file run11.txt (compact mmCIF, C-alpha atoms and all ligand atoms)
# COMPACT_ATOMS: atom_id res chain seq x y z
CA MET M 1 -56.34 -105.47 66.66
CA SER M 2 -58.51 -104.14 63.85
CA ASP M 3 -61.64 -106.22 64.45
CA ILE M 4 -62.56 -105.07 67.97
CA ALA M 5 -66.34 -105.16 68.30
CA PRO M 6 -67.07 -102.27 70.71
CA PRO M 7 -66.86 -98.76 69.26
CA LEU M 8 -63.80 -96.66 70.12
CA ASP M 9 -65.62 -94.33 72.53
CA GLN M 10 -66.93 -97.30 74.52
CA ARG M 11 -63.40 -98.73 74.79
CA ARG M 12 -62.00 -95.32 75.71
CA ASP M 13 -64.58 -94.83 78.47
CA ALA M 14 -64.07 -98.34 79.88
CA TRP M 15 -60.29 -97.90 80.05
CA SER M 16 -60.62 -94.38 81.43
CA ARG M 17 -62.77 -95.65 84.31
CA TYR M 18 -60.24 -98.40 84.92
CA TRP M 19 -57.24 -96.05 85.12
CA GLN M 20 -59.16 -93.61 87.34
CA GLN M 21 -59.13 -96.31 90.03
CA ASP M 22 -55.45 -95.45 90.44
CA VAL M 23 -54.18 -98.93 89.52
CA LEU M 24 -50.68 -98.81 88.06
CA HIS M 25 -51.17 -101.48 85.40
CA SER M 26 -53.73 -103.84 83.97
CA LEU M 27 -52.51 -106.96 85.83
CA PRO M 28 -52.88 -106.06 89.52
CA GLY M 29 -53.64 -109.72 90.32
CA SER M 30 -50.25 -110.80 88.93
CA PHE M 31 -47.98 -107.96 90.08
CA ALA M 32 -48.72 -106.18 93.34
CA GLY M 33 -46.62 -103.06 92.61
CA ASN M 34 -45.09 -102.45 89.23
CA TYR M 35 -44.00 -105.25 86.87
CA ASP M 36 -41.02 -107.02 88.42
CA GLY M 37 -38.63 -109.96 87.82
CA ALA M 38 -37.82 -110.85 84.23
CA ILE M 39 -40.13 -108.15 82.86
CA GLU M 40 -38.48 -105.41 84.90
CA ARG M 41 -34.99 -106.65 83.98
CA HIS M 42 -35.96 -106.67 80.32
CA TRP M 43 -37.05 -103.04 80.46
CA GLN M 44 -33.99 -102.03 82.47
CA GLN M 45 -31.84 -103.36 79.61
CA VAL M 46 -33.92 -101.49 77.07
CA PHE M 47 -33.64 -98.25 79.07
CA ALA M 48 -29.95 -98.62 80.02
CA PRO M 49 -28.46 -96.72 77.03
CA LEU M 50 -30.81 -93.73 77.39
CA GLY M 51 -29.54 -90.25 78.23
CA PRO M 52 -31.08 -86.80 78.58
CA LYS M 53 -30.83 -86.17 74.82
CA ASP M 54 -33.05 -89.14 74.01
CA ARG M 55 -36.78 -88.89 73.43
CA VAL M 56 -39.01 -91.78 74.38
CA LEU M 57 -42.57 -92.53 73.27
CA ASP M 58 -44.68 -95.06 75.19
CA LEU M 59 -47.78 -96.28 73.34
CA GLY M 60 -50.90 -97.44 75.22
CA THR M 61 -49.25 -96.33 78.44
CA GLY M 62 -52.25 -96.68 80.79
CA ASN M 63 -51.24 -95.28 84.15
CA GLY M 64 -47.62 -95.17 83.02
CA ALA M 65 -46.13 -98.42 84.37
CA LEU M 66 -43.22 -98.17 81.92
CA PRO M 67 -42.54 -94.43 82.41
CA GLN M 68 -42.47 -95.13 86.16
CA LEU M 69 -39.79 -97.81 85.70
CA LEU M 70 -37.84 -95.41 83.50
CA CYS M 71 -38.10 -92.67 86.12
CA GLY M 72 -36.75 -95.00 88.79
CA GLN M 73 -33.79 -95.93 86.60
CA HIS M 74 -32.83 -92.52 85.19
CA ALA M 75 -34.08 -90.11 87.86
CA GLY M 76 -30.96 -87.94 87.60
CA ALA M 77 -30.69 -87.75 83.82
CA MET M 78 -34.13 -88.31 82.39
CA PRO M 79 -34.86 -88.35 78.68
CA ARG M 80 -38.08 -86.59 77.71
CA VAL M 81 -40.90 -89.15 77.69
CA ASP M 82 -44.20 -88.76 75.87
CA ALA M 83 -46.75 -91.36 76.92
CA ILE M 84 -49.99 -91.68 74.99
CA ASP M 85 -53.22 -93.55 75.56
CA LEU M 86 -56.68 -93.71 74.09
CA ALA M 87 -58.04 -93.36 77.65
CA ALA M 88 -58.15 -90.24 79.80
CA ILE M 89 -55.09 -90.61 82.03
CA ALA M 90 -53.59 -88.55 84.84
CA PRO M 91 -51.49 -90.91 86.99
CA ASP M 92 -51.45 -89.90 90.67
CA TRP M 93 -47.99 -91.41 91.27
CA LEU M 94 -46.40 -88.68 89.16
CA GLN M 95 -46.91 -86.12 91.95
CA GLN M 96 -44.62 -88.14 94.24
CA GLN M 97 -41.74 -88.26 91.73
CA PRO M 98 -38.63 -86.07 91.85
CA GLN M 99 -38.96 -82.80 89.95
CA ALA M 100 -36.69 -84.04 87.13
CA CYS M 101 -39.11 -86.90 86.44
CA ARG M 102 -42.20 -84.74 86.69
CA GLU M 103 -40.76 -82.32 84.17
CA ALA M 104 -39.62 -85.06 81.78
CA LEU M 105 -42.86 -87.04 81.66
CA HIS M 106 -45.70 -85.88 79.43
CA PHE M 107 -48.92 -87.87 79.44
CA HIS M 108 -51.30 -87.46 76.52
CA GLY M 109 -54.72 -88.98 77.25
CA GLY M 110 -57.36 -89.26 74.54
CA THR M 111 -54.62 -89.84 71.96
CA THR M 112 -54.61 -92.84 69.65
CA ALA M 113 -51.59 -94.65 68.29
CA GLU M 114 -53.27 -94.53 64.87
CA ALA M 115 -52.90 -90.71 64.70
CA LEU M 116 -49.85 -89.62 66.69
CA PRO M 117 -49.63 -85.86 67.28
CA PHE M 118 -45.83 -85.77 66.80
CA GLU M 119 -43.44 -84.66 64.07
CA ASP M 120 -41.74 -87.23 61.84
CA ALA M 121 -38.50 -88.72 63.25
CA SER M 122 -39.11 -87.38 66.78
CA PHE M 123 -38.24 -90.34 69.00
CA THR M 124 -35.07 -92.35 69.65
CA LEU M 125 -36.95 -95.10 71.51
CA ILE M 126 -40.57 -96.24 71.12
CA THR M 127 -41.93 -98.66 73.69
CA SER M 128 -45.20 -100.39 74.33
CA GLN M 129 -46.18 -102.92 76.94
CA TYR M 130 -49.45 -104.70 76.16
CA GLY M 131 -50.53 -101.58 74.29
CA ILE M 132 -49.90 -101.44 70.56
CA GLU M 133 -51.53 -104.81 69.87
CA TYR M 134 -54.80 -103.27 71.14
CA CYS M 135 -54.69 -100.79 68.26
CA ASP M 136 -55.49 -101.02 64.60
CA THR M 137 -51.96 -102.06 63.69
CA GLN M 138 -52.46 -101.40 59.98
CA ARG M 139 -52.65 -97.73 60.92
CA SER M 140 -50.57 -97.57 64.12
CA LEU M 141 -47.43 -99.35 62.83
CA PRO M 142 -46.91 -96.84 59.97
CA GLU M 143 -47.37 -94.08 62.56
CA LEU M 144 -44.75 -95.71 64.77
CA ALA M 145 -42.31 -95.93 61.84
CA ARG M 146 -43.01 -92.32 60.90
CA VAL M 147 -42.24 -90.78 64.31
CA LEU M 148 -39.18 -92.99 64.95
CA ALA M 149 -35.88 -91.16 64.35
CA PRO M 150 -33.11 -92.66 62.19
CA ALA M 151 -31.17 -95.17 64.35
CA GLY M 152 -34.10 -95.11 66.78
CA ARG M 153 -35.13 -98.32 68.54
CA VAL M 154 -38.47 -100.05 69.03
CA ALA M 155 -39.07 -102.30 72.06
CA LEU M 156 -42.46 -103.95 72.45
CA LEU M 157 -43.94 -106.45 74.88
CA LEU M 158 -47.02 -108.02 73.31
CA HIS M 159 -49.67 -110.40 74.64
CA HIS M 160 -49.07 -114.05 73.78
CA ALA M 161 -52.04 -116.22 72.81
CA GLU M 162 -50.81 -119.05 75.05
CA SER M 163 -49.81 -117.02 78.09
CA ARG M 164 -51.37 -117.56 81.49
CA LEU M 165 -52.70 -113.98 81.24
CA THR M 166 -54.62 -114.86 78.08
CA GLU M 167 -55.89 -118.12 79.59
CA VAL M 168 -57.19 -116.26 82.64
CA ALA M 169 -58.74 -113.55 80.45
CA HIS M 170 -60.69 -116.21 78.50
CA GLU M 171 -62.08 -117.67 81.74
CA GLU M 172 -62.85 -114.27 83.31
CA HIS M 173 -64.62 -113.28 80.10
CA ARG M 174 -66.82 -116.37 80.41
CA LEU M 175 -67.52 -115.74 84.10
CA THR M 176 -68.40 -112.05 83.67
CA GLY M 177 -70.74 -113.22 80.90
CA LEU M 178 -72.51 -115.51 83.39
CA LEU M 179 -72.91 -112.73 85.94
CA LEU M 180 -74.15 -110.17 83.41
CA ALA M 181 -76.41 -112.42 81.31
CA PRO M 182 -80.13 -111.56 81.06
CA ASP M 183 -81.76 -113.24 84.10
CA GLY M 184 -78.19 -113.87 85.31
CA PHE M 185 -76.90 -113.24 88.80
CA LEU M 186 -76.86 -109.43 88.70
CA ASP M 187 -80.40 -109.23 87.30
CA ARG M 188 -81.62 -111.50 90.09
CA LEU M 189 -79.76 -109.49 92.71
CA GLN M 190 -81.37 -106.26 91.48
CA GLN M 191 -84.80 -107.89 91.38
CA ILE M 192 -84.72 -108.98 95.00
CA VAL M 193 -83.75 -105.56 96.37
CA PRO M 194 -87.25 -103.97 96.48
CA TRP M 195 -88.67 -107.06 98.19
CA LEU M 196 -85.95 -107.21 100.80
CA ALA M 197 -86.37 -103.48 101.39
CA LEU M 198 -90.00 -104.20 102.32
CA ALA M 199 -88.83 -106.77 104.83
CA THR M 200 -87.12 -104.05 106.88
CA THR M 201 -90.43 -102.72 108.32
CA PRO M 202 -93.30 -104.54 110.12
CA ASP M 203 -95.74 -103.07 107.61
CA GLY M 204 -93.66 -104.25 104.70
CA ARG M 205 -93.24 -107.71 106.20
CA ALA M 206 -97.01 -108.02 106.41
CA ARG M 207 -97.30 -107.15 102.71
CA LEU M 208 -94.72 -109.80 101.85
CA GLN M 209 -96.78 -112.60 103.44
CA GLY M 210 -97.74 -115.05 100.69
CA ASN M 211 -96.58 -112.69 97.92
CA ALA M 212 -95.86 -115.01 94.99
CA ASP M 213 -93.65 -112.50 93.13
CA ALA M 214 -91.51 -111.91 96.22
CA ASN M 215 -91.16 -115.64 96.80
CA GLN M 216 -90.19 -116.18 93.19
CA ALA M 217 -87.56 -113.42 93.29
CA ARG M 218 -86.09 -114.85 96.50
CA ALA M 219 -85.98 -118.39 95.08
CA ALA M 220 -84.31 -117.15 91.88
CA PHE M 221 -81.71 -115.19 93.85
CA ASN M 222 -80.94 -118.10 96.19
CA GLN M 223 -80.62 -120.41 93.24
CA GLY M 224 -78.22 -117.89 91.63
CA MET M 225 -76.06 -117.84 94.77
CA GLN M 226 -75.91 -121.65 94.77
CA ALA M 227 -75.08 -121.76 91.07
CA LEU M 228 -72.14 -119.39 91.64
CA GLN M 229 -70.87 -121.54 94.48
CA ALA M 230 -71.05 -124.65 92.28
CA GLU M 231 -69.33 -122.85 89.38
CA ALA M 232 -66.57 -121.61 91.71
CA LYS M 233 -65.74 -125.21 92.62
CA THR M 234 -64.88 -126.06 89.02
CA SER M 235 -63.46 -122.76 87.71
CA PRO M 236 -59.65 -122.42 87.64
CA VAL M 237 -60.11 -118.73 88.63
CA PRO M 238 -63.00 -118.69 91.12
CA ASP M 239 -62.13 -115.33 92.76
CA LEU M 240 -64.60 -113.32 90.70
CA LEU M 241 -67.45 -115.67 91.65
CA ASP M 242 -66.52 -115.57 95.33
CA ASP M 243 -66.32 -111.76 95.08
CA ALA M 244 -69.77 -111.69 93.44
CA ARG M 245 -71.37 -113.66 96.29
CA GLN M 246 -69.67 -111.49 98.87
CA PHE M 247 -70.66 -108.33 97.03
CA ALA M 248 -74.31 -109.49 96.92
CA SER M 249 -74.41 -110.26 100.65
CA GLN M 250 -72.85 -106.93 101.54
CA ALA M 251 -75.07 -104.98 99.14
CA LEU M 252 -78.23 -106.55 100.58
CA ALA M 253 -77.00 -105.92 104.15
CA ARG M 254 -76.96 -102.21 103.27
CA LEU M 255 -80.76 -102.29 103.16
CA SER M 256 -80.84 -102.15 106.95
CA GLY M 257 -79.60 -98.55 106.81
CA GLN M 258 -80.07 -97.29 103.24
CA PRO M 259 -83.02 -96.84 100.89
CA ALA M 260 -83.44 -99.42 98.12
CA SER M 261 -82.66 -96.77 95.49
CA ASP M 262 -79.15 -96.23 96.96
CA VAL M 263 -78.51 -99.96 97.09
CA LEU M 264 -79.60 -100.31 93.46
CA THR M 265 -77.25 -97.47 92.47
CA HIS M 266 -74.44 -99.30 94.25
CA ILE M 267 -75.24 -102.53 92.37
CA ARG M 268 -75.45 -100.70 89.03
CA ALA M 269 -71.98 -99.24 89.60
CA TRP M 270 -70.67 -102.75 90.14
CA ARG M 271 -72.41 -103.88 86.97
CA THR M 272 -70.59 -101.15 85.05
CA SER M 273 -67.23 -102.22 86.46
CA LEU M 274 -68.00 -105.84 85.46
CA GLU M 275 -69.00 -104.74 81.95
CA ASP M 276 -65.74 -102.78 81.69
CA ALA M 277 -63.75 -105.78 82.88
CA ARG M 278 -65.52 -108.00 80.36
CA LEU M 279 -64.60 -105.58 77.59
CA ARG M 280 -60.95 -105.59 78.71
CA TYR M 281 -60.86 -109.42 78.82
CA ALA M 282 -62.39 -109.60 75.35
CA GLU M 283 -59.80 -107.16 74.04
CA LEU M 284 -56.92 -109.07 75.58
CA CYS M 285 -58.14 -112.36 74.08
CA ALA M 286 -58.65 -110.74 70.67
CA CYS M 287 -55.26 -109.04 70.52
CA ALA M 288 -53.03 -111.81 71.93
CA LEU M 289 -50.72 -113.11 69.20
CA ASP M 290 -49.89 -116.70 68.35
CA ALA M 291 -46.51 -117.50 66.75
CA ASP M 292 -47.75 -116.86 63.19
CA GLN M 293 -49.31 -113.54 64.18
CA ALA M 294 -46.14 -112.48 66.00
CA ALA M 295 -44.19 -113.30 62.82
CA GLY M 296 -46.72 -111.26 60.81
CA PHE M 297 -46.28 -108.34 63.20
CA ALA M 298 -42.49 -108.54 62.77
CA GLN M 299 -42.88 -108.71 58.96
CA ALA M 300 -45.11 -105.64 59.01
CA LEU M 301 -42.38 -103.66 60.80
CA ASP M 302 -39.78 -104.96 58.35
CA ALA M 303 -41.98 -103.88 55.44
CA LEU M 304 -42.09 -100.39 56.95
CA GLY M 305 -38.30 -100.15 56.69
CA LEU M 306 -37.30 -101.21 60.21
CA ARG M 307 -34.36 -103.55 60.44
CA GLY M 308 -33.06 -106.26 62.81
CA VAL M 309 -36.62 -107.17 63.74
CA THR M 310 -36.53 -110.01 66.29
CA PHE M 311 -39.17 -111.55 68.52
CA HIS M 312 -39.15 -114.22 71.21
CA PRO M 313 -41.37 -115.34 74.08
CA ILE M 314 -40.62 -113.99 77.56
CA ALA M 315 -41.44 -115.80 80.81
CA HIS M 316 -41.72 -114.45 84.34
CA ASP M 317 -39.23 -115.71 86.96
CA ASN M 318 -41.73 -118.38 88.06
CA GLY M 319 -41.77 -119.76 84.50
CA MET M 320 -45.15 -118.23 83.60
CA LEU M 321 -45.26 -117.22 79.94
CA MET M 322 -45.83 -113.45 79.83
CA GLY M 323 -45.78 -112.46 76.17
CA TRP M 324 -43.64 -111.71 73.15
CA VAL M 325 -40.67 -109.39 73.26
CA LEU M 326 -40.23 -107.69 69.90
CA ASN M 327 -37.25 -105.46 69.09
CA ALA M 328 -36.41 -103.49 65.94
CA ALA M 329 -34.49 -100.40 64.84
CA LYS M 330 -34.63 -97.82 62.07
CA PRO M 331 -31.57 -97.61 59.82
CA ALA M 332 -29.30 -94.66 60.68
C1 LIG M 401 -53.47 -103.58 78.76
S1 LIG M 401 -53.43 -101.84 78.85
C2 LIG M 401 -51.68 -101.59 79.00
C3 LIG M 401 -51.28 -100.43 79.83
C4 LIG M 401 -49.81 -100.28 80.20
N1 LIG M 401 -48.95 -100.19 79.04
C5 LIG M 401 -49.32 -101.37 81.13
O1 LIG M 401 -48.31 -101.99 80.84
O2 LIG M 401 -49.91 -101.57 82.20
C6 LIG M 401 -53.78 -101.38 77.17
C7 LIG M 401 -53.90 -99.89 76.97
O3 LIG M 401 -53.95 -99.60 75.57
C8 LIG M 401 -54.81 -98.50 75.39
N2 LIG M 401 -55.26 -98.45 73.99
C9 LIG M 401 -56.13 -99.27 73.38
N3 LIG M 401 -56.29 -98.91 72.10
C10 LIG M 401 -55.51 -97.82 71.90
C11 LIG M 401 -55.26 -96.99 70.78
N4 LIG M 401 -55.84 -97.22 69.60
N5 LIG M 401 -54.37 -95.95 70.93
C12 LIG M 401 -53.78 -95.74 72.11
N6 LIG M 401 -53.99 -96.49 73.22
C13 LIG M 401 -54.84 -97.54 73.10
C14 LIG M 401 -55.93 -98.74 76.38
O4 LIG M 401 -56.66 -97.56 76.66
C15 LIG M 401 -55.15 -99.27 77.58
O5 LIG M 401 -54.81 -98.23 78.45
call {"tool": "encode", "arguments": {"input": "run11.txt", "output": "structure tokens"}}
result
Amino acid sequence: MSDIAPPLDQRRDAWSRYWQQDVLHSLPGSFAGNYDGAIERHWQQVFAPLGPKDRVLDLGTGNGALPQLLCGQHAGAMPRVDAIDLAAIAPDWLQQQPQACREALHFHGGTTAEALPFEDASFTLITSQYGIEYCDTQRSLPELARVLAPAGRVALLLHHAESRLTEVAHEEHRLTGLLLAPDGFLDRLQQIVPWLALATTPDGRARLQGNADANQARAAFNQGMQALQAEAKTSPVPDLLDDARQFASQALARLSGQPASDVLTHIRAWRTSLEDARLRYAELCACALDADQAAGFAQALDALGLRGVTFHPIAHDNGMLMGWVLNAAKPA
């Protein structure tokens, strides 16, 4: 994805904040624990031939969903795994793993796939799950080919332009846009806070009597709440809108025990998490590949000297389209 609008440091910071929440992967709404079903079986097949002499590189690893699967499968005879990500990463789950896994796994945060800090021909398997398509592939694919050892394998799971994940990301991108727009719901929520803070004291209530600005802020906020409710009735993914209304009610209820400044800080933190989510949705939509783009991706690997490049769609057990599986290998 070479035409991402936000600068790299903004993307890095947004993803870093996301992974610091201790989520295992970027689809917590779709998979409660780690990826399961057809996706897990796919990776188990990819990992099956590995032994302790292998060296694995996972690109765009996030909080290490793939390394965790690998650990579970090969706990006794782990290959060394290097897992890189643009974001700052330090997965908490690693501390609960057996010593063999902890010693084998090496996470490298703040590392981009476009400039890999590894020697040529270092890895016998390179993986990426919804990771490498987020990068500038004109620069990251040559890096991948460079650090892959002769006879080494490449196994990628890429976003699909027609998957349910992409569909949801498009809608969530639209909805976060509504919430964050100038004079949108969050602006109106912030604007009503000082007025409602006044309403917590008899003195303040007296000052609110007939105050046109206060009345206007309250009307705008109430209208915003109603608009969200109406939007939620027609949106295929209304959860975010329901969450927004609930968040607003709870944030305003805090005014009974907290100063307005603390409540505003709380709302601003939520704004940041919404902005981060919006950035992630935009990235997903921009990097998801249609059939022609998947073919172009495969051709690019072929042009870099990889052989046996294949790609096909993969669906979850419930039939939901999940992405493209792309496999390739370097000649021996
Ligand atoms: C959708 S997440 C996937 C995480 C993980 N592989 C998973 O399956 O849950 C995409 C990840 O790619 C990372 N990323 C984006 N651009 C990158 C780059 N140029 N180099 C390395 N990582 C990058 C992001 O920071 C993010 O953690």
call {"tool": "atom_distance", "arguments": {"input": "run11.txt", "atom1": "CA of Leu8 in chain M", "atom2": "CA of Cys285 in chain M"}}
result
17.2 Å
call {"tool": "atom_distance", "arguments": {"input": "run11.txt", "atom1": "atom C9 of ligand LIG 401 (chain M)", "atom2": "CA of Pro91 in chain M"}}
result
16.6 Å
call {"tool": "residues_around", "arguments": {"input": "run11.txt", "residues": "range 291-301 of chain M", "least_positions_apart": "5", "cutoff": "8 Å", "atoms": "all atoms listed in the file", "output": "number ranges by chain"}}
result
M: 141, 145, 306, 309-311, 324, 326, 328
call {"tool": "atom_distance", "arguments": {"input": "run11.txt", "atom1": "atom C14 of ligand LIG 401 (chain M)", "atom2": "CA of Cys287 in chain M"}}
result
11.9 Å
call {"tool": "residues_near_ligand", "arguments": {"input": "run11.txt", "ligand": "ligand LIG 401 (chain M)", "cutoff": "9 Å", "atoms": "only C-alpha atoms and all ligand atoms", "output": "JSON, numbers by chain"}}
result
{"M": [1, 8, 11, 12, 13, 14, 15, 16, 18, 19, 23, 24, 25, 26, 27, 34, 35, 58, 59, 60, 61, 62, 63, 64, 65, 66, 84, 85, 86, 87, 88, 89, 109, 110, 111, 112, 113, 114, 115, 116, 127, 128, 129, 130, 131, 132, 133, 134, 135, 136, 137, 140, 157, 159, 280, 283, 284]}
call {"tool": "residues_around", "arguments": {"input": "run11.txt", "residues": "range 38-53 of chain M", "least_positions_apart": "6", "cutoff": "7 Å", "atoms": "only C-alpha atoms", "output": "count of residues only"}}
result
6
call {"tool": "residues_near_point", "arguments": {"input": "run11.txt", "point": "(-70.7, -111.7, 94.7)", "cutoff": "12 Å", "atoms": "only C-alpha atoms", "output": "PDB file with C-alpha atoms, in the frame of the given file"}}
result
ATOM      1  CA  LEU M 175     -67.520-115.740  84.100  1.00  0.00           C
ATOM      2  CA  THR M 176     -68.400-112.050  83.670  1.00  0.00           C
ATOM      3  CA  LEU M 179     -72.910-112.730  85.940  1.00  0.00           C
ATOM      4  CA  LEU M 180     -74.150-110.170  83.410  1.00  0.00           C
ATOM      5  CA  PHE M 185     -76.900-113.240  88.800  1.00  0.00           C
ATOM      6  CA  LEU M 186     -76.860-109.430  88.700  1.00  0.00           C
ATOM      7  CA  ARG M 188     -81.620-111.500  90.090  1.00  0.00           C
ATOM      8  CA  LEU M 189     -79.760-109.490  92.710  1.00  0.00           C
ATOM      9  CA  PHE M 221     -81.710-115.190  93.850  1.00  0.00           C
ATOM     10  CA  GLY M 224     -78.220-117.890  91.630  1.00  0.00           C
ATOM     11  CA  MET M 225     -76.060-117.840  94.770  1.00  0.00           C
ATOM     12  CA  GLN M 226     -75.910-121.650  94.770  1.00  0.00           C
ATOM     13  CA  ALA M 227     -75.080-121.760  91.070  1.00  0.00           C
ATOM     14  CA  LEU M 228     -72.140-119.390  91.640  1.00  0.00           C
ATOM     15  CA  GLN M 229     -70.870-121.540  94.480  1.00  0.00           C
ATOM     16  CA  ALA M 232     -66.570-121.610  91.710  1.00  0.00           C
ATOM     17  CA  PRO M 238     -63.000-118.690  91.120  1.00  0.00           C
ATOM     18  CA  ASP M 239     -62.130-115.330  92.760  1.00  0.00           C
ATOM     19  CA  LEU M 240     -64.600-113.320  90.700  1.00  0.00           C
ATOM     20  CA  LEU M 241     -67.450-115.670  91.650  1.00  0.00           C
ATOM     21  CA  ASP M 242     -66.520-115.570  95.330  1.00  0.00           C
ATOM     22  CA  ASP M 243     -66.320-111.760  95.080  1.00  0.00           C
ATOM     23  CA  ALA M 244     -69.770-111.690  93.440  1.00  0.00           C
ATOM     24  CA  ARG M 245     -71.370-113.660  96.290  1.00  0.00           C
ATOM     25  CA  GLN M 246     -69.670-111.490  98.870  1.00  0.00           C
ATOM     26  CA  PHE M 247     -70.660-108.330  97.030  1.00  0.00           C
ATOM     27  CA  ALA M 248     -74.310-109.490  96.920  1.00  0.00           C
ATOM     28  CA  SER M 249     -74.410-110.260 100.650  1.00  0.00           C
ATOM     29  CA  GLN M 250     -72.850-106.930 101.540  1.00  0.00           C
ATOM     30  CA  ALA M 251     -75.070-104.980  99.140  1.00  0.00           C
ATOM     31  CA  LEU M 252     -78.230-106.550 100.580  1.00  0.00           C
ATOM     32  CA  ILE M 267     -75.240-102.530  92.370  1.00  0.00           C
ATOM     33  CA  TRP M 270     -70.670-102.750  90.140  1.00  0.00           C
ATOM     34  CA  ARG M 271     -72.410-103.880  86.970  1.00  0.00           C
ATOM     35  CA  LEU M 274     -68.000-105.840  85.460  1.00  0.00           C
TER      36      LEU M 274
END
